[in-house]
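One file, my_file-v4.cif, is given below (mmCIF, C-alpha atoms).
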data_work
#
loop_
_atom_site.label_atom_id
_atom_site.label_comp_id
_atom_site.auth_asym_id
_atom_site.auth_seq_id
_atom_site.Cartn_x
_atom_site.Cartn_y
_atom_site.Cartn_z
CA MET A 22 143.28 123.82 68.42
CA ASN A 23 140.90 126.24 70.04
CA SER A 24 137.86 126.18 72.23
CA GLY A 25 136.93 122.78 71.03
CA THR A 26 135.65 122.66 67.55
CA GLY A 27 138.53 122.29 65.13
CA PRO A 28 141.73 124.06 64.16
CA ASP A 29 140.31 127.58 64.43
CA ARG A 30 136.54 127.44 64.51
CA ASP A 31 134.25 129.61 66.56
CA PRO A 32 132.82 127.67 69.56
CA VAL A 33 129.46 129.40 69.12
CA ASN A 34 129.21 128.56 65.43
CA PRO A 35 131.64 125.66 64.94
CA ALA A 36 130.55 124.94 61.39
CA SER A 37 131.42 128.34 60.02
CA PRO A 38 134.70 128.39 58.03
CA ALA A 39 134.35 132.16 57.78
CA SER A 40 134.99 132.36 61.51
CA ARG A 41 138.63 131.26 61.16
CA PRO A 42 140.35 134.68 60.83
CA GLY A 43 138.18 136.15 63.56
CA ARG A 44 138.88 133.16 65.78
CA ARG A 45 142.62 133.70 65.60
CA ALA A 46 142.21 137.42 66.20
CA VAL A 47 140.09 136.81 69.30
CA ILE A 48 142.55 134.32 70.81
CA GLY A 49 145.44 136.64 70.01
CA ALA A 50 143.71 139.61 71.63
CA LEU A 51 142.95 137.64 74.79
CA SER A 52 146.37 136.08 75.16
CA GLY A 53 148.83 138.37 73.39
CA ILE A 54 149.82 140.32 76.50
CA ALA A 55 150.20 137.18 78.59
CA LEU A 56 152.26 135.47 75.87
CA ALA A 57 154.58 138.43 75.55
CA ALA A 58 155.08 138.52 79.30
CA ALA A 59 155.71 134.78 79.46
CA GLY A 60 158.25 134.97 76.66
CA ALA A 61 160.11 137.80 78.37
CA ALA A 62 160.08 136.05 81.73
CA CYS A 63 161.35 132.74 80.37
CA GLY A 64 163.77 134.27 77.90
CA SER A 65 162.23 132.07 75.22
CA ALA A 66 160.53 134.52 72.88
CA GLU A 67 161.46 133.62 69.33
CA PRO A 68 163.73 136.09 67.49
CA PRO A 69 162.59 137.56 64.17
CA ALA A 70 163.18 135.36 61.14
CA ARG A 71 166.34 136.24 59.24
CA ARG A 72 168.25 134.97 56.26
CA VAL A 73 171.51 133.26 57.16
CA ARG A 74 174.28 132.32 54.72
CA PRO A 75 174.90 128.53 54.69
CA GLU A 76 178.45 128.97 56.01
CA ALA A 77 177.19 131.21 58.82
CA ARG A 78 174.46 128.72 59.64
CA ARG A 79 177.06 125.95 59.94
CA THR A 80 179.17 128.12 62.27
CA GLU A 81 176.14 128.93 64.43
CA ALA A 82 175.14 125.26 64.53
CA ALA A 83 178.63 124.20 65.62
CA SER A 84 178.63 126.83 68.37
CA SER A 85 175.17 125.76 69.51
CA ALA A 86 176.23 122.10 69.56
CA ALA A 87 179.28 122.95 71.68
CA HIS A 88 177.04 124.48 74.36
CA ARG A 89 174.21 121.97 74.10
CA PRO A 90 173.67 119.94 77.28
CA ARG A 91 174.65 116.30 77.08
CA ARG A 92 171.77 113.89 76.47
CA ALA A 93 170.01 116.77 74.72
CA GLY A 94 167.40 116.23 72.05
CA ARG A 95 165.87 118.71 69.65
CA LEU A 96 162.37 120.09 70.15
CA PHE A 97 160.43 121.63 67.26
CA LEU A 98 157.53 123.94 68.10
CA GLY A 99 154.52 124.65 65.91
CA THR A 100 152.63 127.95 66.12
CA TYR A 101 150.46 130.41 64.21
CA THR A 102 152.45 133.20 62.57
CA SER A 103 149.32 135.08 61.44
CA GLN A 104 147.85 135.31 64.94
CA GLU A 105 148.57 138.17 67.31
CA GLY A 106 151.07 136.96 69.88
CA GLY A 107 152.07 134.06 67.66
CA GLY A 108 155.52 132.97 66.59
CA SER A 109 157.61 133.96 63.58
CA GLY A 110 158.09 130.44 62.24
CA ILE A 111 158.92 126.98 63.55
CA GLY A 112 160.34 127.33 67.05
CA LEU A 113 163.62 125.58 67.85
CA ALA A 114 164.67 124.33 71.26
CA THR A 115 166.61 121.57 72.96
CA TYR A 116 165.56 119.46 75.92
CA ASP A 117 167.62 117.67 78.53
CA GLU A 118 166.73 114.00 78.66
CA ALA A 119 167.51 113.74 82.38
CA THR A 120 165.86 116.88 83.75
CA GLY A 121 163.26 117.73 81.11
CA ARG A 122 164.59 121.28 80.94
CA ILE A 123 163.88 123.08 77.65
CA THR A 124 166.27 125.68 76.23
CA GLY A 125 165.26 127.98 73.37
CA ALA A 126 167.42 127.79 70.23
CA GLY A 127 165.86 130.24 67.74
CA THR A 128 163.40 129.95 64.89
CA ILE A 129 163.09 128.55 61.38
CA GLY A 130 161.58 131.54 59.58
CA GLY A 131 159.84 131.59 56.23
CA VAL A 132 157.09 129.08 57.12
CA SER A 133 153.54 130.42 57.48
CA ASP A 134 151.27 129.08 60.24
CA PRO A 135 153.22 125.84 60.89
CA SER A 136 150.58 124.43 63.23
CA TYR A 137 151.53 120.77 62.84
CA LEU A 138 154.92 119.12 62.34
CA ALA A 139 156.24 115.67 61.46
CA LEU A 140 159.68 114.12 61.01
CA HIS A 141 160.85 111.87 58.20
CA PRO A 142 161.76 108.36 59.45
CA SER A 143 165.39 109.17 58.70
CA GLY A 144 165.24 112.12 61.10
CA ARG A 145 166.89 114.32 58.47
CA THR A 146 163.82 116.22 57.25
CA LEU A 147 161.09 118.11 59.08
CA TYR A 148 157.70 118.73 57.50
CA ALA A 149 155.21 121.44 58.45
CA VAL A 150 151.70 122.31 57.36
CA ASP A 151 151.08 125.88 56.22
CA GLU A 152 147.60 126.27 57.71
CA ARG A 153 146.36 128.95 55.33
CA GLU A 154 143.32 129.32 53.10
CA GLU A 155 145.51 128.16 50.23
CA GLY A 156 147.16 125.37 52.15
CA GLY A 157 150.69 124.13 51.75
CA VAL A 158 153.26 121.72 53.15
CA THR A 159 156.90 122.70 53.66
CA ALA A 160 160.01 120.51 53.87
CA VAL A 161 163.02 121.55 55.98
CA ALA A 162 166.36 119.70 55.82
CA LEU A 163 168.01 119.19 59.22
CA SER A 164 171.73 118.77 59.76
CA PRO A 165 173.26 116.74 62.61
CA GLY A 166 174.94 119.89 63.91
CA GLY A 167 171.67 121.71 64.37
CA GLY A 168 171.47 123.66 61.12
CA HIS A 169 168.54 123.68 58.69
CA GLU A 170 167.59 124.54 55.12
CA ILE A 171 164.10 125.09 53.73
CA LEU A 172 163.68 122.79 50.72
CA GLY A 173 160.44 124.32 49.45
CA THR A 174 156.66 124.35 49.79
CA ARG A 175 153.98 122.54 47.80
CA GLY A 176 150.26 123.28 47.69
CA THR A 177 147.91 120.77 49.28
CA GLY A 178 145.03 121.61 46.95
CA GLY A 179 142.81 122.49 49.89
CA ALA A 180 142.20 124.94 52.71
CA ALA A 181 143.74 125.02 56.17
CA PRO A 182 145.75 121.79 56.36
CA CYS A 183 146.03 120.91 60.05
CA HIS A 184 147.77 117.52 60.08
CA LEU A 185 150.40 115.61 58.15
CA SER A 186 152.35 112.38 58.46
CA VAL A 187 155.04 110.52 56.55
CA HIS A 188 154.25 107.07 55.17
CA PRO A 189 156.55 104.51 56.88
CA GLY A 190 158.43 103.88 53.64
CA GLY A 191 159.56 107.51 53.70
CA LYS A 192 158.53 108.20 50.10
CA TRP A 193 155.12 109.85 50.57
CA LEU A 194 153.81 112.75 52.64
CA LEU A 195 150.12 112.64 53.59
CA SER A 196 148.20 115.74 54.66
CA ALA A 197 144.68 116.58 55.86
CA ASN A 198 142.93 119.78 54.71
CA TYR A 199 140.59 120.75 57.53
CA GLY A 200 138.89 123.65 55.78
CA SER A 201 137.95 121.76 52.61
CA GLY A 202 137.59 118.25 54.05
CA SER A 203 140.17 116.62 51.80
CA VAL A 204 143.40 114.63 52.00
CA ALA A 205 146.46 114.97 49.78
CA VAL A 206 149.56 112.98 48.83
CA HIS A 207 152.99 114.34 47.86
CA PRO A 208 156.08 112.36 46.81
CA ILE A 209 159.29 112.73 48.80
CA ASP A 210 162.58 112.57 46.90
CA ALA A 211 165.96 111.33 48.14
CA SER A 212 166.84 114.75 49.55
CA GLY A 213 163.59 114.94 51.56
CA ALA A 214 162.13 117.58 49.25
CA LEU A 215 158.50 117.34 48.09
CA GLY A 216 157.30 116.83 44.55
CA GLU A 217 154.04 117.91 42.96
CA ARG A 218 150.89 116.51 44.54
CA THR A 219 149.93 113.07 43.18
CA ASP A 220 146.42 112.84 44.63
CA LEU A 221 143.67 114.84 46.32
CA VAL A 222 140.55 113.16 47.69
CA ARG A 223 137.61 115.12 49.11
CA HIS A 224 135.24 113.53 51.60
CA THR A 225 131.75 113.80 50.08
CA ALA A 226 129.84 110.98 51.82
CA PRO A 227 128.34 110.30 54.29
CA PRO A 228 126.68 113.70 54.84
CA PRO A 229 128.03 116.10 57.48
CA GLY A 230 127.24 115.57 61.13
CA PRO A 231 124.91 117.75 63.24
CA GLY A 232 125.80 121.44 63.12
CA GLN A 233 128.49 120.91 60.49
CA ASP A 234 128.66 122.71 57.14
CA GLY A 235 130.70 119.98 55.48
CA PRO A 236 133.61 117.59 55.95
CA HIS A 237 136.62 118.64 58.02
CA ALA A 238 139.57 116.27 57.67
CA HIS A 239 141.53 116.45 60.91
CA GLN A 240 144.14 113.69 60.71
CA ILE A 241 145.71 111.29 58.23
CA VAL A 242 147.85 108.42 59.48
CA THR A 243 149.14 105.04 58.28
CA SER A 244 148.23 101.78 60.03
CA PRO A 245 151.13 100.06 61.86
CA ASP A 246 151.58 97.44 59.14
CA GLY A 247 151.70 100.11 56.43
CA ARG A 248 148.85 98.56 54.43
CA HIS A 249 146.21 101.24 54.93
CA VAL A 250 145.89 104.98 55.42
CA LEU A 251 143.19 106.29 57.75
CA ALA A 252 141.71 109.80 57.61
CA VAL A 253 139.73 111.12 60.59
CA ASP A 254 137.03 113.63 59.62
CA LEU A 255 135.44 115.70 62.39
CA GLY A 256 132.75 117.25 60.17
CA ALA A 257 131.53 113.93 58.81
CA ASP A 258 131.79 112.00 62.11
CA THR A 259 133.68 109.42 60.07
CA VAL A 260 137.03 107.66 59.78
CA TYR A 261 137.90 106.75 56.17
CA THR A 262 140.25 103.90 55.25
CA TYR A 263 142.30 104.04 52.05
CA ARG A 264 144.89 101.96 50.29
CA LEU A 265 147.90 103.94 49.10
CA ASP A 266 149.39 102.92 45.76
CA THR A 267 153.06 103.29 46.70
CA LYS A 268 154.12 103.52 43.07
CA ALA A 269 151.59 106.08 41.82
CA GLY A 270 150.93 107.93 45.08
CA THR A 271 147.15 107.60 44.80
CA LEU A 272 144.51 106.73 47.39
CA ARG A 273 141.64 104.27 46.96
CA GLN A 274 138.91 104.17 49.59
CA VAL A 275 138.21 100.67 50.90
CA SER A 276 135.90 101.33 53.87
CA TYR A 277 134.69 103.89 56.37
CA ALA A 278 133.54 103.84 59.97
CA ARG A 279 130.77 106.15 61.17
CA LEU A 280 130.84 107.52 64.71
CA ARG A 281 127.67 108.51 66.52
CA PRO A 282 126.25 111.84 65.27
CA GLY A 283 127.91 114.86 66.83
CA ALA A 284 130.92 112.94 68.18
CA GLY A 285 133.41 115.04 66.21
CA PRO A 286 136.28 112.52 65.87
CA ARG A 287 139.60 114.34 65.84
CA HIS A 288 142.67 112.10 66.25
CA LEU A 289 143.33 108.39 66.67
CA ALA A 290 146.36 106.44 67.84
CA PHE A 291 147.04 102.75 67.21
CA HIS A 292 147.92 100.12 69.76
CA PRO A 293 151.28 98.57 68.75
CA SER A 294 149.54 95.26 67.98
CA GLY A 295 147.84 97.01 65.08
CA ARG A 296 144.47 95.52 66.05
CA PHE A 297 143.04 98.39 68.08
CA ALA A 298 142.97 102.17 67.82
CA TYR A 299 141.97 104.82 70.35
CA LEU A 300 139.94 107.72 69.07
CA ALA A 301 139.49 111.14 70.69
CA ASN A 302 136.07 112.68 69.99
CA GLU A 303 136.41 116.44 70.26
CA LEU A 304 132.79 117.53 70.24
CA ASP A 305 131.08 115.12 72.65
CA ASP A 306 134.08 114.83 75.05
CA THR A 307 134.51 111.07 74.79
CA VAL A 308 137.07 108.48 73.74
CA VAL A 309 136.37 105.27 71.88
CA VAL A 310 138.29 102.00 71.58
CA CYS A 311 138.04 100.80 67.99
CA ALA A 312 138.72 97.28 66.76
CA TYR A 313 140.81 97.26 63.60
CA ASP A 314 141.07 94.52 60.96
CA PRO A 315 144.51 94.81 59.29
CA GLY A 316 143.40 92.71 56.34
CA SER A 317 140.41 94.79 55.25
CA GLY A 318 141.31 98.07 56.93
CA ARG A 319 137.89 98.13 58.59
CA LEU A 320 137.60 100.09 61.83
CA THR A 321 134.81 99.18 64.26
CA PRO A 322 134.13 101.78 66.98
CA GLY A 323 133.14 100.65 70.46
CA GLU A 324 131.15 102.46 73.14
CA PRO A 325 132.03 106.02 74.25
CA GLN A 326 134.18 106.31 77.39
CA PRO A 327 135.04 109.22 79.72
CA THR A 328 138.00 111.53 79.28
CA GLY A 329 138.42 112.33 82.96
CA SER A 330 137.04 115.84 82.55
CA GLY A 331 134.24 115.26 85.04
CA GLY A 332 131.61 116.60 82.67
CA GLY A 333 132.82 120.19 82.40
CA ALA A 334 133.55 122.00 79.14
CA ASN A 335 136.30 119.90 77.56
CA TYR A 336 137.53 119.12 74.06
CA PRO A 337 139.87 116.11 73.93
CA ALA A 338 142.63 116.61 71.40
CA GLN A 339 145.03 113.74 70.94
CA PHE A 340 146.09 110.29 72.14
CA VAL A 341 149.58 108.83 72.38
CA VAL A 342 150.31 105.20 73.23
CA THR A 343 153.53 103.80 74.68
CA ARG A 344 155.58 101.47 72.46
CA LYS A 345 154.84 98.40 74.55
CA GLY A 346 151.16 99.29 74.59
CA ARG A 347 150.80 99.43 78.38
CA PHE A 348 149.61 103.02 78.74
CA ALA A 349 147.79 105.68 76.73
CA PHE A 350 147.70 109.42 77.36
CA LEU A 351 145.07 111.92 76.24
CA ALA A 352 145.31 115.73 76.00
CA ASN A 353 142.23 117.45 77.48
CA ARG A 354 141.60 121.05 76.40
CA GLY A 355 139.29 122.87 78.80
CA HIS A 356 139.98 120.54 81.70
CA ASP A 357 143.63 121.38 80.92
CA SER A 358 144.93 117.99 81.88
CA VAL A 359 146.49 114.80 80.60
CA ALA A 360 144.37 111.72 81.19
CA ARG A 361 146.24 108.48 81.88
CA TYR A 362 144.82 105.11 80.85
CA ALA A 363 145.93 101.56 81.49
CA VAL A 364 145.72 99.50 78.30
CA GLU A 365 144.27 96.07 79.04
CA ARG A 366 143.13 92.89 77.28
CA ALA A 367 145.95 93.11 74.73
CA GLY A 368 144.74 96.53 73.62
CA ALA A 369 140.98 95.92 73.62
CA ARG A 370 140.28 97.95 76.75
CA LEU A 371 141.21 101.36 78.17
CA ARG A 372 140.88 101.90 81.92
CA LEU A 373 141.02 105.50 83.12
CA LEU A 374 143.59 105.85 85.91
CA GLY A 375 143.26 109.58 86.51
CA THR A 376 144.34 112.98 85.25
CA VAL A 377 147.18 115.41 85.95
CA ALA A 378 147.04 119.17 85.39
CA VAL A 379 149.33 120.57 82.70
CA GLU A 380 149.71 123.91 84.52
CA GLY A 381 148.93 125.60 81.22
CA ASP A 382 145.88 126.52 79.18
CA PHE A 383 144.46 124.40 76.34
CA PRO A 384 146.88 121.48 75.73
CA ARG A 385 146.36 120.97 72.02
CA HIS A 386 149.16 118.53 71.27
CA LEU A 387 151.17 116.00 73.23
CA ALA A 388 154.12 113.79 72.36
CA LEU A 389 156.40 111.28 74.05
CA SER A 390 160.14 111.67 73.69
CA PRO A 391 161.78 108.80 71.76
CA SER A 392 163.01 107.32 75.07
CA GLU A 393 159.47 107.65 76.50
CA ARG A 394 160.97 109.12 79.67
CA LEU A 395 159.33 112.48 78.95
CA LEU A 396 155.91 113.66 77.79
CA PHE A 397 155.44 117.12 76.24
CA THR A 398 152.21 119.12 75.97
CA ALA A 399 151.84 122.23 73.78
CA ASN A 400 149.47 124.59 75.60
CA GLN A 401 147.96 126.92 73.01
CA LYS A 402 146.26 129.65 75.03
CA SER A 403 148.95 130.01 77.70
CA GLY A 404 151.73 129.95 75.10
CA SER A 405 153.72 127.28 76.91
CA VAL A 406 155.09 123.75 76.76
CA SER A 407 154.81 121.50 79.81
CA VAL A 408 157.19 118.59 80.35
CA PHE A 409 156.37 115.53 82.45
CA ARG A 410 158.59 112.71 83.63
CA VAL A 411 156.96 109.36 82.85
CA ASP A 412 157.21 106.44 85.27
CA ALA A 413 157.90 103.40 83.08
CA GLY A 414 156.25 101.01 85.52
CA THR A 415 153.03 102.84 86.33
CA GLY A 416 152.72 105.47 83.60
CA ALA A 417 152.45 108.11 86.33
CA LEU A 418 153.30 111.66 85.25
CA ARG A 419 155.27 114.19 87.29
CA LEU A 420 155.76 117.76 86.09
CA ALA A 421 159.44 118.51 85.41
CA GLY A 422 159.63 122.14 86.48
CA LYS A 423 157.71 125.16 85.25
CA PRO A 424 156.27 125.23 81.71
CA PHE A 425 158.49 126.71 79.00
CA GLY A 426 157.21 129.87 77.31
CA ALA A 427 156.55 129.50 73.57
CA PRO A 428 154.27 131.81 71.50
CA VAL A 429 150.89 130.17 70.78
CA ALA A 430 152.33 126.67 71.22
CA VAL A 431 150.17 124.29 69.19
CA CYS A 432 152.64 121.48 68.49
CA ALA A 433 155.68 120.16 70.36
CA LEU A 434 157.68 117.57 68.44
CA PRO A 435 160.72 116.02 70.18
CA GLN A 436 163.64 114.37 68.39
CA GLY A 437 165.97 112.17 70.41
CA PRO A 438 169.62 112.84 71.21
CA PRO A 439 171.96 112.30 68.23
CA VAL A 440 173.23 108.79 67.59
CA GLY A 441 176.62 108.46 69.21
CA ASP A 442 175.86 110.87 72.06
CA THR A 443 178.18 109.62 74.79
CA GLY A 444 176.52 111.42 77.69
CA ARG A 445 175.79 109.16 80.64
CA GLY A 446 172.36 107.69 80.28
CA SER A 447 172.14 108.29 76.53
CA ARG A 448 170.38 105.70 74.43
#
Could you express the structure from this file as structure tokens?
Amino acid sequence: MNSGTGPDRDPVNPASPASRPGRRAVIGALSGIALAAAGAACGSAEPPARRVRPEARRTEAASSAAHRPRRAGRLFLGTYTSQEGGGSGIGLATYDEATGRITGAGTIGGVSDPSYLALHPSGRTLYAVDEREEGGVTAVALSPGGGHEILGTRGTGGAAPCHLSVHPGGKWLLSANYGSGSVAVHPIDASGALGERTDLVRHTAPPPGPGQDGPHAHQIVTSPDGRHVLAVDLGADTVYTYRLDTKAGTLRQVSYARLRPGAGPRHLAFHPSGRFAYLANELDDTVVVCAYDPGSGRLTPGEPQPTGSGGGANYPAQFVVTRKGRFAFLANRGHDSVARYAVERAGARLRLLGTVAVEGDFPRHLALSPSERLLFTANQKSGSVSVFRVDAGTGALRLAGKPFGAPVAVCALPQGPPVGDTGRGSR
């Protein structure tokens, strides 16, 4: 996000929503020249958005597929289009599963400030937030050959949406409006397109945490069993639990968990057992293991733990957990590292194993490839994406070459190689 207070808040006055445009301008001014140079050096600067006829798009996609490396997956890159030095839409790239090498593949234009991305469970539709004052969510149809079509945008009913996720059933899109502290629900039709919003819930209680002007919803995610939806609110130092009516598309709050004042909870990730979740606290530079009751949806936070930053200025951003639940990884902005944890006691304990530098500035987002052989970090201030090889036995990370240049990289979302890929080593 930025220097540690939310999607685009001023580190001196983190509670001030009015600081958002100035915040982007300041970051752009500081990093625009470096980003432009990095893009030129890596040959990865995104081309201007352009309209392409469907038949031309299919031809381009076929040509791209013919030259795509075997075992290649897609990589979608989120950015800010309104920020100096930012991108012109959703960045497109491919990555080689064996080497970790990223190759630029153009841009999906026509999407404003797509700072967070999510894929439909089918893999055929990509969703992006439009992190604007009048927030929106955009659906993009993806073709197996590499083409795409924008299906439309719907308003979220709030300001500056910074996170979204698809309910496991694939019929509902959930989004979090950071600026207005609310969460929204949109239906997804058979084509992947979005319908009109079916619910909007604003967080009004408990009162905001220290130094906050109000609620700031930062994440909305479904529990592993699909029974509850959890919304993490940085401004309220609270995680809210809802039940989603999967017929009406409405949310009903069933509980909430309060973090210690000033913690600034940002993102959580579940252990695959569904009985524990790991929470990154942005403002006090800690992580917390939370017990989770699948029946009631109640989350019970444990004691704060270190992030591996060593006590310097650091703003932890996001956790990811391996499928078997053996390791967890945390993005550290400021320390500019990925922290590696061993997951012990069937998910009840995190043990810090160490950190590894991302060789970039401000890793805002991280994601494992579907094979879990690779870990990607989107480094916002350096305008780059780092790729690590992941040791399946130890969770150790090893940088796979130099970071890839990408304008104001704030999200890196990998999609695995196509089904039927016959390259050696494909899944």
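You will find CA of Gly121 in chain A at 22.3 Å from CA of Arg347 in chain A.
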Output as JSON the centre and edge lengths (Å, one decimal) of the box along x, y and z of the file that holds every listed atom of range 205-224 of chain A after adding 5 Å on each side.
{"center_x": 151.0, "center_y": 114.6, "center_z": 47.3, "size_x": 41.6, "size_y": 16.6, "size_z": 18.6}
> To one decimal place, how far is CA of Asp412 in chain A from CA of Asn400 in chain A in Å?
Replying inline: 22.0 Å
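Shortest atom-to-atom contact with Arg287 in chain A among A:Leu194, A:Leu373, A:Cys183, A:Ala334: A:Cys183, counting only C-alpha atoms.
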>> Show me, as a PyMOL selection string, the residues that have an atom within 10 Å of range 308-325 of chain A when counting only C-alpha atoms, minus same-chain residues fewer than 4 positions from it.
In response: chain A and resi 244-251+260-264+274-281+284+286+289-292+294-303+337+339-340+351+368-371
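Our summary of the geometry notes that CA of Arg366 in chain A is positioned 23.8 Å from CA of Asp306 in chain A.
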> Got a sec: who's within 6 Å of range 109-119 of chain A, counting all atoms listed in the file, leaving out chain neighbours fewer than 6 positions off, as JSON, numbers by chain?
Replying inline: {"A": [92, 93, 94, 95, 96, 97, 98, 99, 102, 125, 126, 127, 128, 129, 130, 132]}
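The result of the PyMOL selection byres ((chain A and resi 239) around 9) on the shown file is Gly27, Pro28, Pro182, Cys183, His184, Ala197, Asn198, Tyr199, Gly202, His237, Ala238, Gln240, Ile241, Ala252, Val253, Asp254, Leu255, Gly256, Pro286, Arg287 and His288 of chain A.
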> Which of these, A:Glu393, A:Ser143, A:Gly106, A:Leu215, has the shortest distance to Ala160 in chain A once you count only C-alpha atoms?
Replying inline: A:Leu215
>> Going by the chain IDs and residue numbers used in this file, which residues fall under the PyMOL selection byres ((chain A and resi 379) around 8)? Write them as an MDAnalysis selection string.
In response: chainID A and resid 357:359 377:378 380:382 384 398 407 420
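Here the PyMOL selection byres ((chain A and resi 230) around 7) matches the residues A:Pro228, A:Pro229, A:Pro231, A:Gly232, A:Gln233, A:Gly256, A:Ala257, A:Asp258, A:Pro282, A:Gly283.
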>> Let me make sure I understand: among A:Pro135, A:Gly108, A:Gly176, A:Pro424, which one has the smallest atom-to-atom distance to Gly156 in chain A if we use all atoms listed in the file?
In response: A:Gly176
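Shortest separation to Val187 in chain A among A:Val242, A:Ala363, A:Ala338, A:Ala413 occurs at residue A:Val242, atoms counted being all atoms listed in the file.
For the residues A:Arg218, A:His169, A:Arg344, A:His386, ranking by smallest atom-to-atom distance to Tyr137 in chain A using all atoms listed in the file places A:His386 first.
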>> Applying 7 Å and all atoms listed in the file, which residues near Asn335 in chain A remain after dropping the ones on its own chain fewer than 5 positions away? List them as a list in words.
In response: Asp306, Ser330, Asn353, Arg354, Gly355 and His356 of chain A
> Using only C-alpha atoms, which residues sit within 8 Å of Val341 in chain A once same-chain residues fewer than 4 positions away are excluded, as an MDAnalysis selection string?
Replying inline: chainID A and resid 290 349:351 387:389
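Distance check against His188 in chain A using only C-alpha atoms: of A:Thr159, A:Ser405, A:Thr267, A:Thr120, the minimum falls on A:Thr267.
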